[in-house]
file coords_20.csv (CSV, C-alpha atoms)
chain,number,residue,atom,x,y,z
A,520,MET,CA,-10.7,-303.6,-238.3
A,521,LYS,CA,-11.1,-302.8,-234.6
A,522,VAL,CA,-8.9,-299.8,-235.0
A,523,LEU,CA,-10.9,-298.6,-237.9
A,524,ILE,CA,-14.2,-298.8,-235.9
A,525,GLN,CA,-12.6,-296.9,-233.0
A,526,LEU,CA,-11.4,-294.2,-235.4
A,527,ARG,CA,-14.9,-293.9,-236.8
A,528,HIS,CA,-16.4,-293.5,-233.3
A,529,CYS,CA,-13.7,-290.8,-232.6
A,530,VAL,CA,-14.6,-288.9,-235.8
A,531,THR,CA,-18.3,-289.1,-235.0
A,532,ARG,CA,-17.7,-287.7,-231.5
A,533,VAL,CA,-15.6,-284.9,-232.8
A,534,PHE,CA,-18.2,-284.0,-235.4
A,535,ALA,CA,-20.9,-284.0,-232.7
A,536,LEU,CA,-18.8,-281.8,-230.5
A,537,PHE,CA,-18.3,-279.3,-233.3
A,538,THR,CA,-22.0,-279.4,-234.1
A,539,LEU,CA,-22.8,-278.6,-230.5
A,540,ILE,CA,-20.4,-275.7,-230.4
A,541,ALA,CA,-21.9,-274.3,-233.6
A,542,LEU,CA,-25.4,-274.6,-232.2
A,543,ILE,CA,-24.3,-272.8,-229.0
A,544,GLY,CA,-22.7,-270.1,-231.0
A,545,ALA,CA,-25.8,-269.7,-233.1
A,546,VAL,CA,-27.8,-269.1,-230.0
A,547,ALA,CA,-25.3,-266.7,-228.3
A,548,PHE,CA,-24.5,-264.8,-231.5
A,549,PRO,CA,-27.5,-265.1,-233.9
A,550,VAL,CA,-27.0,-264.4,-237.6
A,551,GLY,CA,-27.5,-260.7,-238.4
A,552,ALA,CA,-27.1,-259.5,-234.8
A,553,GLN,CA,-25.7,-256.0,-234.6
A,554,ALA,CA,-23.3,-254.5,-232.1
A,555,ALA,CA,-24.7,-252.2,-229.4
A,556,PRO,CA,-25.4,-248.7,-230.8
A,557,ILE,CA,-22.9,-245.9,-230.3
A,558,VAL,CA,-24.2,-243.5,-227.6
A,559,MET,CA,-24.1,-239.8,-228.4
A,560,LYS,CA,-24.9,-237.6,-225.4
A,561,ILE,CA,-25.8,-234.0,-226.3
A,562,GLY,CA,-26.0,-231.3,-223.6
A,563,THR,CA,-27.4,-227.8,-223.5
A,564,ALA,CA,-28.3,-225.3,-220.8
A,565,THR,CA,-31.7,-224.4,-221.9
A,566,LEU,CA,-35.1,-226.1,-222.2
A,567,ASN,CA,-38.0,-226.0,-224.7
A,568,ASP,CA,-36.3,-223.4,-226.9
A,569,SER,CA,-34.5,-223.4,-230.3
A,570,GLN,CA,-31.5,-225.2,-228.8
A,571,HIS,CA,-33.6,-228.0,-227.4
A,572,GLN,CA,-35.6,-228.2,-230.6
A,573,TRP,CA,-32.5,-228.4,-232.7
A,574,MET,CA,-31.4,-231.3,-230.6
A,575,LYS,CA,-34.7,-233.1,-231.2
A,576,ILE,CA,-34.5,-232.6,-235.0
A,577,TYR,CA,-30.9,-233.7,-235.0
A,578,ALA,CA,-31.5,-236.9,-232.9
A,579,GLU,CA,-34.2,-238.0,-235.3
A,580,LEU,CA,-32.0,-237.4,-238.4
A,581,VAL,CA,-29.0,-239.2,-236.9
A,582,GLU,CA,-30.9,-242.3,-235.6
A,583,LYS,CA,-32.7,-242.6,-238.9
A,584,ASN,CA,-29.8,-242.1,-241.2
A,585,SER,CA,-27.4,-244.3,-239.2
A,586,ASN,CA,-30.0,-247.1,-239.2
A,587,GLY,CA,-29.9,-247.1,-235.4
A,588,GLN,CA,-26.1,-247.4,-235.2
A,589,ILE,CA,-26.0,-244.2,-233.2
A,590,LYS,CA,-28.3,-243.6,-230.3
A,591,VAL,CA,-28.7,-239.9,-229.4
A,592,GLU,CA,-29.4,-239.0,-225.8
A,593,LEU,CA,-30.6,-235.4,-225.1
A,594,TYR,CA,-29.8,-233.6,-221.8
A,595,PRO,CA,-31.3,-230.1,-221.8
A,596,ALA,CA,-31.5,-227.7,-218.7
A,597,SER,CA,-27.8,-228.3,-217.7
A,598,GLN,CA,-28.4,-231.9,-216.7
A,599,LEU,CA,-24.8,-232.6,-217.7
A,600,GLY,CA,-23.5,-229.7,-215.6
A,601,ALA,CA,-22.9,-226.0,-216.0
A,602,ILE,CA,-21.9,-224.7,-219.4
A,603,PRO,CA,-18.1,-224.7,-218.8
A,604,ARG,CA,-18.3,-228.3,-217.6
A,605,MET,CA,-20.2,-229.3,-220.7
A,606,ILE,CA,-17.7,-227.7,-222.9
A,607,GLU,CA,-14.8,-229.4,-221.1
A,608,GLY,CA,-16.7,-232.7,-221.2
A,609,THR,CA,-17.0,-232.3,-225.0
A,610,GLN,CA,-13.4,-231.5,-225.4
A,611,PHE,CA,-12.3,-234.6,-223.5
A,612,GLY,CA,-15.0,-236.9,-224.9
A,613,SER,CA,-17.1,-237.7,-221.8
A,614,ILE,CA,-19.9,-235.8,-223.6
A,615,GLN,CA,-20.2,-236.2,-227.3
A,616,ALA,CA,-21.8,-232.8,-228.1
A,617,TYR,CA,-22.6,-229.4,-226.6
A,618,VAL,CA,-25.2,-226.9,-227.9
A,619,GLY,CA,-25.1,-223.2,-226.9
A,620,PRO,CA,-24.1,-219.7,-227.8
A,621,PRO,CA,-20.6,-219.7,-229.4
A,622,GLU,CA,-19.4,-216.8,-227.1
A,623,PHE,CA,-19.1,-219.3,-224.2
A,624,LEU,CA,-16.3,-220.9,-226.2
A,625,SER,CA,-14.3,-217.6,-226.5
A,626,GLY,CA,-12.0,-218.9,-223.9
A,627,VAL,CA,-11.1,-221.8,-226.2
A,628,ASP,CA,-10.7,-219.4,-229.2
A,629,SER,CA,-11.5,-215.7,-229.1
A,630,ARG,CA,-12.9,-215.9,-232.7
A,631,PHE,CA,-16.0,-217.6,-231.4
A,632,GLU,CA,-17.2,-214.2,-230.2
A,633,VAL,CA,-17.5,-212.5,-233.6
A,634,LEU,CA,-21.2,-213.2,-233.9
A,635,SER,CA,-21.9,-211.1,-230.9
A,636,ALA,CA,-21.1,-208.0,-232.9
A,637,PRO,CA,-24.1,-205.6,-233.1
A,638,GLY,CA,-25.6,-204.1,-236.2
A,639,LEU,CA,-24.6,-206.8,-238.7
A,640,PHE,CA,-28.1,-208.0,-239.7
A,641,LYS,CA,-31.2,-206.3,-241.0
A,642,ASP,CA,-33.5,-209.0,-239.6
A,643,LEU,CA,-33.7,-212.6,-238.6
A,644,ALA,CA,-34.0,-213.8,-242.2
A,645,HIS,CA,-30.8,-211.9,-243.1
A,646,ALA,CA,-29.0,-213.3,-240.1
A,647,ASN,CA,-30.0,-216.8,-241.0
A,648,ARG,CA,-28.8,-216.4,-244.6
A,649,THR,CA,-25.5,-215.2,-243.3
A,650,LEU,CA,-25.0,-218.0,-240.9
A,651,GLN,CA,-25.7,-220.5,-243.6
A,652,ASP,CA,-23.4,-218.8,-246.2
A,653,PRO,CA,-21.2,-221.7,-247.2
A,654,GLN,CA,-17.9,-219.8,-247.0
A,655,PHE,CA,-18.5,-218.2,-243.6
A,656,ASN,CA,-20.3,-221.3,-242.2
A,657,ALA,CA,-17.3,-223.6,-243.1
A,658,ALA,CA,-14.8,-221.2,-241.5
A,659,PHE,CA,-16.8,-220.8,-238.3
A,660,LEU,CA,-17.4,-224.5,-237.8
A,661,ALA,CA,-13.7,-225.1,-238.3
A,662,LEU,CA,-12.9,-223.2,-235.1
A,663,GLY,CA,-11.8,-225.2,-232.1
A,664,ALA,CA,-10.4,-228.1,-234.2
A,665,ASN,CA,-7.0,-227.8,-232.4
A,666,LYS,CA,-8.8,-227.8,-229.0
A,667,GLY,CA,-10.7,-231.1,-229.4
A,668,LEU,CA,-13.9,-229.7,-230.9
A,669,LYS,CA,-15.6,-230.0,-234.3
A,670,GLY,CA,-18.4,-227.7,-235.3
A,671,ILE,CA,-21.4,-229.3,-237.0
A,672,GLY,CA,-24.2,-226.8,-236.7
A,673,LEU,CA,-24.9,-223.0,-236.6
A,674,PHE,CA,-28.3,-221.4,-236.2
A,675,LEU,CA,-30.4,-218.7,-234.6
A,676,SER,CA,-32.0,-218.2,-231.2
A,677,GLY,CA,-33.5,-214.8,-231.6
A,678,PRO,CA,-33.1,-211.0,-231.4
A,679,MET,CA,-31.1,-209.4,-228.5
A,680,GLY,CA,-32.8,-207.6,-225.7
A,681,PHE,CA,-32.6,-206.8,-222.0
A,682,ASN,CA,-34.5,-208.4,-219.2
A,683,THR,CA,-34.6,-206.2,-216.1
A,684,SER,CA,-36.0,-206.3,-212.6
A,685,ALA,CA,-36.9,-202.6,-212.8
A,686,PRO,CA,-38.7,-201.0,-215.7
A,687,VAL,CA,-36.6,-199.6,-218.6
A,688,THR,CA,-38.4,-197.1,-220.8
A,689,LYS,CA,-35.4,-195.3,-222.3
A,690,LEU,CA,-31.8,-196.1,-223.2
A,691,SER,CA,-30.3,-194.1,-220.3
A,692,ASP,CA,-32.2,-196.3,-217.9
A,693,LEU,CA,-29.6,-199.0,-218.6
A,694,ALA,CA,-26.8,-197.0,-217.1
A,695,GLY,CA,-25.4,-198.0,-213.8
A,696,LYS,CA,-26.9,-201.4,-213.8
A,697,LYS,CA,-25.3,-204.9,-213.7
A,698,PHE,CA,-26.1,-207.2,-216.6
A,699,ARG,CA,-25.3,-210.8,-217.1
A,700,VAL,CA,-23.7,-211.2,-220.5
A,701,LEU,CA,-21.9,-214.0,-222.4
A,702,SER,CA,-18.2,-214.3,-221.8
A,703,SER,CA,-16.9,-212.3,-224.8
A,704,ASN,CA,-15.4,-208.8,-225.2
A,705,MET,CA,-18.0,-208.1,-227.9
A,706,GLN,CA,-20.8,-208.3,-225.4
A,707,MET,CA,-18.9,-206.8,-222.4
A,708,ASP,CA,-17.9,-203.8,-224.5
A,709,GLN,CA,-21.6,-203.2,-225.3
A,710,MET,CA,-22.4,-202.9,-221.6
A,711,ARG,CA,-19.5,-200.5,-221.0
A,712,LEU,CA,-20.7,-198.2,-223.8
A,713,LEU,CA,-24.0,-198.1,-222.1
A,714,ASN,CA,-22.3,-197.2,-218.8
A,715,ALA,CA,-23.4,-200.5,-217.4
A,716,THR,CA,-21.4,-203.3,-215.7
A,717,PRO,CA,-21.0,-206.6,-217.6
A,718,VAL,CA,-21.1,-209.8,-215.5
A,719,PRO,CA,-20.3,-213.1,-217.4
A,720,MET,CA,-22.3,-215.8,-215.7
A,721,SER,CA,-23.6,-219.3,-216.3
A,722,LEU,CA,-27.3,-219.3,-217.3
A,723,GLY,CA,-28.4,-221.4,-214.4
A,724,GLU,CA,-27.1,-218.8,-211.9
A,725,VAL,CA,-29.0,-215.8,-213.4
A,726,VAL,CA,-32.4,-216.0,-211.8
A,727,PRO,CA,-31.1,-216.5,-208.2
A,728,ALA,CA,-28.6,-213.6,-208.8
A,729,MET,CA,-31.5,-211.3,-209.9
A,730,GLN,CA,-33.7,-212.4,-207.0
A,731,GLN,CA,-30.9,-211.6,-204.6
A,732,GLY,CA,-30.1,-208.3,-206.2
A,733,ALA,CA,-26.6,-209.3,-207.3
A,734,LEU,CA,-27.8,-208.6,-210.9
A,735,ASP,CA,-30.1,-206.0,-212.3
A,736,GLY,CA,-30.8,-207.8,-215.5
A,737,VAL,CA,-29.5,-210.0,-218.4
A,738,MET,CA,-28.8,-209.4,-222.1
A,739,THR,CA,-29.9,-212.3,-224.3
A,740,SER,CA,-32.9,-213.3,-226.5
A,741,LEU,CA,-36.5,-213.3,-225.5
A,742,PRO,CA,-37.1,-217.0,-226.0
A,743,VAL,CA,-34.5,-217.7,-223.3
A,744,PHE,CA,-36.2,-215.3,-220.9
A,745,THR,CA,-39.5,-217.1,-221.4
A,746,ALA,CA,-38.4,-220.7,-221.6
A,747,LEU,CA,-36.6,-220.4,-218.2
A,748,ARG,CA,-39.4,-218.3,-216.6
A,749,PHE,CA,-37.3,-215.3,-216.0
A,750,TYR,CA,-40.5,-213.4,-215.4
A,751,ASP,CA,-40.6,-214.9,-211.9
A,752,ALA,CA,-37.6,-212.7,-211.0
A,753,ALA,CA,-37.7,-209.8,-213.5
A,754,LYS,CA,-40.9,-208.9,-215.4
A,755,HIS,CA,-39.5,-206.2,-217.8
A,756,ILE,CA,-38.0,-206.6,-221.3
A,757,TYR,CA,-36.4,-203.7,-223.2
A,758,GLU,CA,-36.3,-205.3,-226.7
A,759,THR,CA,-33.6,-203.4,-228.6
A,760,ASP,CA,-33.0,-205.9,-231.4
A,761,HIS,CA,-29.5,-204.5,-231.8
A,762,ALA,CA,-27.9,-207.9,-232.4
A,763,VAL,CA,-28.9,-211.6,-232.5
A,764,VAL,CA,-28.2,-214.5,-230.3
A,765,THR,CA,-26.8,-217.4,-232.3
A,766,VAL,CA,-26.2,-221.1,-231.3
A,767,LEU,CA,-23.4,-223.4,-232.2
A,768,THR,CA,-23.2,-227.2,-231.9
A,769,VAL,CA,-19.8,-228.8,-231.4
A,770,VAL,CA,-18.9,-232.5,-231.1
A,771,SER,CA,-16.0,-234.1,-229.4
A,772,LYS,CA,-13.3,-234.3,-232.2
A,773,GLY,CA,-11.7,-237.4,-230.6
A,774,TRP,CA,-15.1,-239.2,-230.5
A,775,TYR,CA,-15.9,-238.1,-234.1
A,776,GLU,CA,-12.5,-239.2,-235.5
A,777,ARG,CA,-13.1,-242.8,-234.1
A,778,LEU,CA,-16.3,-243.1,-236.1
A,779,PRO,CA,-16.3,-245.0,-239.5
A,780,ALA,CA,-16.5,-242.8,-242.5
A,781,ASP,CA,-20.2,-243.4,-243.2
A,782,LEU,CA,-21.2,-242.4,-239.6
A,783,LYS,CA,-19.0,-239.3,-239.7
A,784,LYS,CA,-21.0,-238.2,-242.7
A,785,VAL,CA,-24.3,-238.9,-240.9
A,786,VAL,CA,-23.1,-236.8,-237.9
A,787,THR,CA,-22.1,-233.8,-240.0
A,788,ASP,CA,-24.9,-233.9,-242.6
A,789,ALA,CA,-27.5,-234.0,-239.8
A,790,GLY,CA,-25.9,-231.0,-238.1
A,791,GLN,CA,-26.2,-228.9,-241.3
A,792,GLN,CA,-29.8,-230.1,-242.0
A,793,ALA,CA,-31.0,-229.5,-238.5
A,794,SER,CA,-29.6,-226.0,-238.5
A,795,LYS,CA,-31.7,-225.2,-241.7
A,796,ASP,CA,-34.8,-227.1,-240.5
A,797,VAL,CA,-35.0,-225.3,-237.1
A,798,TYR,CA,-35.0,-221.7,-238.6
A,799,GLN,CA,-38.7,-221.3,-239.2
A,800,TRP,CA,-39.5,-223.0,-235.9
A,801,SER,CA,-37.2,-220.4,-234.2
A,802,VAL,CA,-38.9,-217.5,-235.9
A,803,ASP,CA,-42.3,-218.7,-234.9
A,804,PHE,CA,-41.1,-219.4,-231.4
A,805,VAL,CA,-39.9,-215.8,-230.9
A,806,GLU,CA,-43.3,-214.4,-231.7
A,807,ALA,CA,-45.1,-217.0,-229.5
A,808,GLN,CA,-42.8,-216.2,-226.6
A,809,ARG,CA,-43.6,-212.5,-226.9
A,810,GLN,CA,-47.3,-213.4,-226.3
A,811,ALA,CA,-46.4,-215.9,-223.6
A,812,TRP,CA,-44.3,-213.3,-221.8
A,813,VAL,CA,-47.2,-210.8,-221.6
A,814,LYS,CA,-49.7,-213.6,-220.7
A,815,ALA,CA,-47.4,-214.4,-217.7
A,816,GLY,CA,-47.6,-210.8,-216.5
A,817,GLY,CA,-44.4,-209.6,-218.1
A,818,GLN,CA,-44.0,-206.3,-219.9
A,819,ILE,CA,-42.2,-205.5,-223.2
A,820,THR,CA,-41.0,-202.0,-224.1
A,821,TYR,CA,-39.3,-201.0,-227.4
A,822,PRO,CA,-36.9,-198.1,-227.8
A,823,THR,CA,-38.1,-194.9,-229.4
A,824,ALA,CA,-36.9,-194.2,-232.9
A,825,SER,CA,-34.3,-191.7,-231.5
A,826,ASP,CA,-33.1,-194.1,-228.9
A,827,LYS,CA,-32.7,-196.9,-231.4
A,828,GLU,CA,-30.8,-194.6,-233.7
A,829,LYS,CA,-28.5,-193.5,-230.9
A,830,LEU,CA,-28.0,-197.1,-229.8
A,831,MET,CA,-27.0,-198.4,-233.2
A,832,LYS,CA,-24.7,-195.5,-233.8
A,833,MET,CA,-23.0,-196.3,-230.6
A,834,MET,CA,-22.9,-200.1,-231.1
A,835,ASN,CA,-22.0,-200.5,-234.8
A,836,PRO,CA,-18.3,-199.9,-234.5
A,837,ILE,CA,-17.8,-202.5,-231.8
A,838,GLY,CA,-17.3,-205.5,-234.1
A,839,GLN,CA,-14.4,-204.0,-236.0
A,840,GLN,CA,-12.9,-202.4,-232.9
A,841,VAL,CA,-12.7,-205.6,-230.9
A,842,ALA,CA,-11.7,-207.9,-233.8
A,843,ALA,CA,-8.9,-205.5,-234.8
A,844,LYS,CA,-7.0,-206.4,-231.7
A,845,LYS,CA,-6.2,-209.9,-233.0
A,846,PRO,CA,-5.3,-210.6,-236.7
A,847,GLU,CA,-7.0,-214.0,-236.8
A,848,GLU,CA,-10.2,-212.6,-235.3
A,849,LYS,CA,-10.2,-209.7,-237.7
A,850,ALA,CA,-9.8,-212.0,-240.6
A,851,LEU,CA,-12.9,-214.0,-239.5
A,852,PHE,CA,-14.9,-210.8,-238.8
A,853,ASP,CA,-14.1,-209.5,-242.3
A,854,LEU,CA,-15.3,-212.8,-243.7
A,855,LEU,CA,-18.5,-212.4,-241.6
A,856,GLU,CA,-19.1,-208.8,-242.8
A,857,ALA,CA,-18.6,-209.9,-246.4
A,858,ALA,CA,-21.1,-212.8,-246.0
A,859,ALA,CA,-23.6,-210.4,-244.4
A,860,LYS,CA,-23.2,-208.0,-247.4
A,861,ARG,CA,-23.4,-210.9,-249.8
A,862,THR,CA,-26.7,-212.2,-248.3
A,863,GLU,CA,-28.6,-208.9,-247.9

call {"tool": "encode", "arguments": {"input": "coords_20.csv", "output": "structure tokens"}}
result
Amino acid sequence: MKVLIQLRHCVTRVFALFTLIALIGAVAFPVGAQAAPIVMKIGTATLNDSQHQWMKIYAELVEKNSNGQIKVELYPASQLGAIPRMIEGTQFGSIQAYVGPPEFLSGVDSRFEVLSAPGLFKDLAHANRTLQDPQFNAAFLALGANKGLKGIGLFLSGPMGFNTSAPVTKLSDLAGKKFRVLSSNMQMDQMRLLNATPVPMSLGEVVPAMQQGALDGVMTSLPVFTALRFYDAAKHIYETDHAVVTVLTVVSKGWYERLPADLKKVVTDAGQQASKDVYQWSVDFVEAQRQAWVKAGGQITYPTASDKEKLMKMMNPIGQQVAAKKPEEKALFDLLEAAAKRTE
């Protein structure tokens, strides 16, 4: 009997101990508690432009559609380093995504430069339709997969033009000058045809270089000129509209592949949706920046009809000429031309 009583006491103590452990566990790990959200850091070189706006739209979509499982952190204005560092960081996974002109990735794969080709699009609406063409879009976003990158979004910045420290009123005024361009043969060949010197350079170095006289100007889109206050260093724009500046978003493939299937879909679907949603904002922004440029004391000059005709006759063959040097690049450029024709 005594043994039975002792056994009951022992069982009671054990039961009490397990109850206490369960209570402690309930406090430390409450029912329904979620794991910490997955952090997604996205970097870009610009600020308050279409690239930054795309990031804002994307972050809202991802956080909503993942039910907070992914937390998106935005780092505009090169807060995560210069463009080459952000690209490398995305390849190796220390940064989860990079947003910027695809030409900066031409060192990863030369095919990223095809969208620099001049004369492809009638206007911004035509360019947008081409970028979102399912066949071309899928092929372009697939670039870089063997180098640790996965494309998730492709969209517009604006029409191409020249920002210069000295006035440019005619096409021949561009000759002999040094222009910052994106690091692609498509853009560098454009400068050479104009008898100007192409200088690939990170965006953050441009204004100091122009202030010091190391550069005479930069070729890119007007929203970039205004958003980064280029008018402080160079007040003149020669808006040729001979090509468009596009923007690509790539994510770290290693990071992406570790996501569960449902979150992979959230990441890619949001990239496509943000690229469509940002279009009208970009168009409106281009016009607003023209007004902002003039209000800030800048000047905008447009080519005469004869100069524009001469420029396009000179520029139009560049795409095929550059792409023809590499079979894979030519195949993608042919796909781009077909999409542009299909979406006219």

call {"tool": "residues_near_point", "arguments": {"input": "coords_20.csv", "point": "(-39.4, -221.7, -234.5)", "cutoff": "12 Å", "atoms": "all atoms listed in the file", "output": "short mmCIF file (atom, residue, chain, number, x, y, z; two decimals) with C-alpha atoms, in the coordinates of the input"}}
result
data_model
loop_
_atom_site.label_atom_id
_atom_site.label_comp_id
_atom_site.auth_asym_id
_atom_site.auth_seq_id
_atom_site.Cartn_x
_atom_site.Cartn_y
_atom_site.Cartn_z
CA ASN A 567 -38.00 -226.00 -224.70
CA ASP A 568 -36.30 -223.40 -226.90
CA SER A 569 -34.50 -223.40 -230.30
CA GLN A 570 -31.50 -225.20 -228.80
CA HIS A 571 -33.60 -228.00 -227.40
CA GLN A 572 -35.60 -228.20 -230.60
CA TRP A 573 -32.50 -228.40 -232.70
CA ILE A 576 -34.50 -232.60 -235.00
CA LEU A 643 -33.70 -212.60 -238.60
CA PHE A 674 -28.30 -221.40 -236.20
CA LEU A 675 -30.40 -218.70 -234.60
CA SER A 676 -32.00 -218.20 -231.20
CA GLY A 677 -33.50 -214.80 -231.60
CA PRO A 742 -37.10 -217.00 -226.00
CA SER A 794 -29.60 -226.00 -238.50
CA LYS A 795 -31.70 -225.20 -241.70
CA ASP A 796 -34.80 -227.10 -240.50
CA VAL A 797 -35.00 -225.30 -237.10
CA TYR A 798 -35.00 -221.70 -238.60
CA GLN A 799 -38.70 -221.30 -239.20
CA TRP A 800 -39.50 -223.00 -235.90
CA SER A 801 -37.20 -220.40 -234.20
CA VAL A 802 -38.90 -217.50 -235.90
CA ASP A 803 -42.30 -218.70 -234.90
CA PHE A 804 -41.10 -219.40 -231.40
CA VAL A 805 -39.90 -215.80 -230.90
CA GLU A 806 -43.30 -214.40 -231.70
CA ALA A 807 -45.10 -217.00 -229.50
CA GLN A 808 -42.80 -216.20 -226.60
#

call {"tool": "closest_residue", "arguments": {"input": "coords_20.csv", "among": "A:Glu607, A:Asp853, A:Asp760, A:Glu776", "to": "A:Met831", "atoms": "only C-alpha atoms"}}
result
A:Asp760

call {"tool": "closest_residue", "arguments": {"input": "coords_20.csv", "among": "A:Ile589, A:Ala858, A:Ala564, A:Ala715", "to": "A:Gln651", "atoms": "all atoms listed in the file"}}
result
A:Ala858

call {"tool": "residues_around", "arguments": {"input": "coords_20.csv", "residues": "A:Ala850", "least_positions_apart": "6", "cutoff": "12 Å", "atoms": "all atoms listed in the file", "output": "list in words"}}
result
Arg630, Val633, Phe655, Ala658, Phe659, Gly838, Gln839, Val841, Ala842, Ala843, Lys844, Glu856 and Ala857 of chain A

call {"tool": "atom_distance", "arguments": {"input": "coords_20.csv", "atom1": "atom CA of A:Lys666", "atom2": "atom CA of A:Gln610"}}
result
6.9 Å

call {"tool": "residues_around", "arguments": {"input": "coords_20.csv", "residues": "A:Pro653", "least_positions_apart": "5", "cutoff": "12 Å", "atoms": "all atoms listed in the file", "output": "number ranges by chain"}}
result
A: 647-648, 658-660, 673, 791, 854-855, 858-859, 861-862

call {"tool": "atom_distance", "arguments": {"input": "coords_20.csv", "atom1": "atom CA of A:Gly790", "atom2": "atom CA of A:Met679"}}
result
24.2 Å

call {"tool": "residues_around", "arguments": {"input": "coords_20.csv", "residues": "stretch 616-626 of chain A", "least_positions_apart": "2", "cutoff": "7 Å", "atoms": "all atoms listed in the file", "output": "ChimeraX atom specification"}}
result
/A:560-563,570,605-606,609,614,628-632,701-703,765-771

call {"tool": "residues_around", "arguments": {"input": "coords_20.csv", "residues": "A:Gly695", "least_positions_apart": "2", "cutoff": "12 Å", "atoms": "all atoms listed in the file", "output": "PyMOL selection string"}}
result
chain A and resi 690-693+697-698+710-717+734-736

call {"tool": "atom_distance", "arguments": {"input": "coords_20.csv", "atom1": "atom CA of A:Pro678", "atom2": "atom CA of A:Gly638"}}
result
11.3 Å

call {"tool": "closest_residue", "arguments": {"input": "coords_20.csv", "among": "A:Phe744, A:Tyr750, A:Phe681, A:Phe640", "to": "A:Asn835", "atoms": "all atoms listed in the file"}}
result
A:Phe640

call {"tool": "residues_around", "arguments": {"input": "coords_20.csv", "residues": "stretch 823-825 of chain A", "least_positions_apart": "3", "cutoff": "10 Å", "atoms": "all atoms listed in the file", "output": "list in words"}}
result
Thr688, Lys689, Leu690, Thr759, Thr820, Glu828, Lys829 and Leu830 of chain A

call {"tool": "closest_residue", "arguments": {"input": "coords_20.csv", "among": "A:Lys814, A:Pro822, A:Trp774, A:Ile837", "to": "A:Phe611", "atoms": "all atoms listed in the file"}}
result
A:Trp774

call {"tool": "closest_residue", "arguments": {"input": "coords_20.csv", "among": "A:Glu847, A:Asp788, A:Asp781, A:Glu758", "to": "A:Arg809", "atoms": "all atoms listed in the file"}}
result
A:Glu758

call {"tool": "decode", "arguments": {"input": "coords_20.csv", "residues": "stretch 575-585 of chain A", "atoms": "N, CA, C and O atoms", "output": "PDB file, in the first residue's frame"}}
result
ATOM      1  N   LYS A 575       8.675  50.826 -54.993  1.00  0.00           N
ATOM      2  CA  LYS A 575       7.596  51.086 -54.029  1.00  0.00           C
ATOM      3  C   LYS A 575       6.361  50.247 -54.351  1.00  0.00           C
ATOM      4  O   LYS A 575       5.752  49.640 -53.463  1.00  0.00           O
ATOM      5  N   ILE A 576       5.997  50.205 -55.641  1.00  0.00           N
ATOM      6  CA  ILE A 576       4.846  49.397 -56.057  1.00  0.00           C
ATOM      7  C   ILE A 576       5.107  47.929 -55.766  1.00  0.00           C
ATOM      8  O   ILE A 576       4.243  47.210 -55.237  1.00  0.00           O
ATOM      9  N   TYR A 577       6.302  47.491 -56.104  1.00  0.00           N
ATOM     10  CA  TYR A 577       6.672  46.086 -55.913  1.00  0.00           C
ATOM     11  C   TYR A 577       6.629  45.693 -54.437  1.00  0.00           C
ATOM     12  O   TYR A 577       6.083  44.637 -54.084  1.00  0.00           O
ATOM     13  N   ALA A 578       7.185  46.530 -53.582  1.00  0.00           N
ATOM     14  CA  ALA A 578       7.220  46.226 -52.153  1.00  0.00           C
ATOM     15  C   ALA A 578       5.818  46.055 -51.597  1.00  0.00           C
ATOM     16  O   ALA A 578       5.540  45.123 -50.821  1.00  0.00           O
ATOM     17  N   GLU A 579       4.919  46.927 -51.996  1.00  0.00           N
ATOM     18  CA  GLU A 579       3.532  46.838 -51.513  1.00  0.00           C
ATOM     19  C   GLU A 579       2.877  45.540 -51.964  1.00  0.00           C
ATOM     20  O   GLU A 579       2.192  44.864 -51.188  1.00  0.00           O
ATOM     21  N   LEU A 580       3.096  45.182 -53.239  1.00  0.00           N
ATOM     22  CA  LEU A 580       2.510  43.947 -53.770  1.00  0.00           C
ATOM     23  C   LEU A 580       3.053  42.712 -53.053  1.00  0.00           C
ATOM     24  O   LEU A 580       2.295  41.813 -52.669  1.00  0.00           O
ATOM     25  N   VAL A 581       4.360  42.665 -52.875  1.00  0.00           N
ATOM     26  CA  VAL A 581       4.985  41.483 -52.266  1.00  0.00           C
ATOM     27  C   VAL A 581       4.564  41.317 -50.812  1.00  0.00           C
ATOM     28  O   VAL A 581       4.211  40.212 -50.367  1.00  0.00           O
ATOM     29  N   GLU A 582       4.586  42.394 -50.056  1.00  0.00           N
ATOM     30  CA  GLU A 582       4.242  42.291 -48.637  1.00  0.00           C
ATOM     31  C   GLU A 582       2.764  41.912 -48.456  1.00  0.00           C
ATOM     32  O   GLU A 582       2.426  41.121 -47.577  1.00  0.00           O
ATOM     33  N   LYS A 583       1.914  42.463 -49.317  1.00  0.00           N
ATOM     34  CA  LYS A 583       0.488  42.125 -49.243  1.00  0.00           C
ATOM     35  C   LYS A 583       0.242  40.679 -49.652  1.00  0.00           C
ATOM     36  O   LYS A 583      -0.440  39.926 -48.951  1.00  0.00           O
ATOM     37  N   ASN A 584       0.780  40.276 -50.795  1.00  0.00           N
ATOM     38  CA  ASN A 584       0.481  38.959 -51.344  1.00  0.00           C
ATOM     39  C   ASN A 584       1.214  37.819 -50.644  1.00  0.00           C
ATOM     40  O   ASN A 584       0.845  36.655 -50.802  1.00  0.00           O
ATOM     41  N   SER A 585       2.254  38.155 -49.880  1.00  0.00           N
ATOM     42  CA  SER A 585       2.934  37.121 -49.085  1.00  0.00           C
ATOM     43  C   SER A 585       2.402  37.077 -47.657  1.00  0.00           C
ATOM     44  O   SER A 585       2.917  36.322 -46.827  1.00  0.00           O
TER      45      SER A 585
END
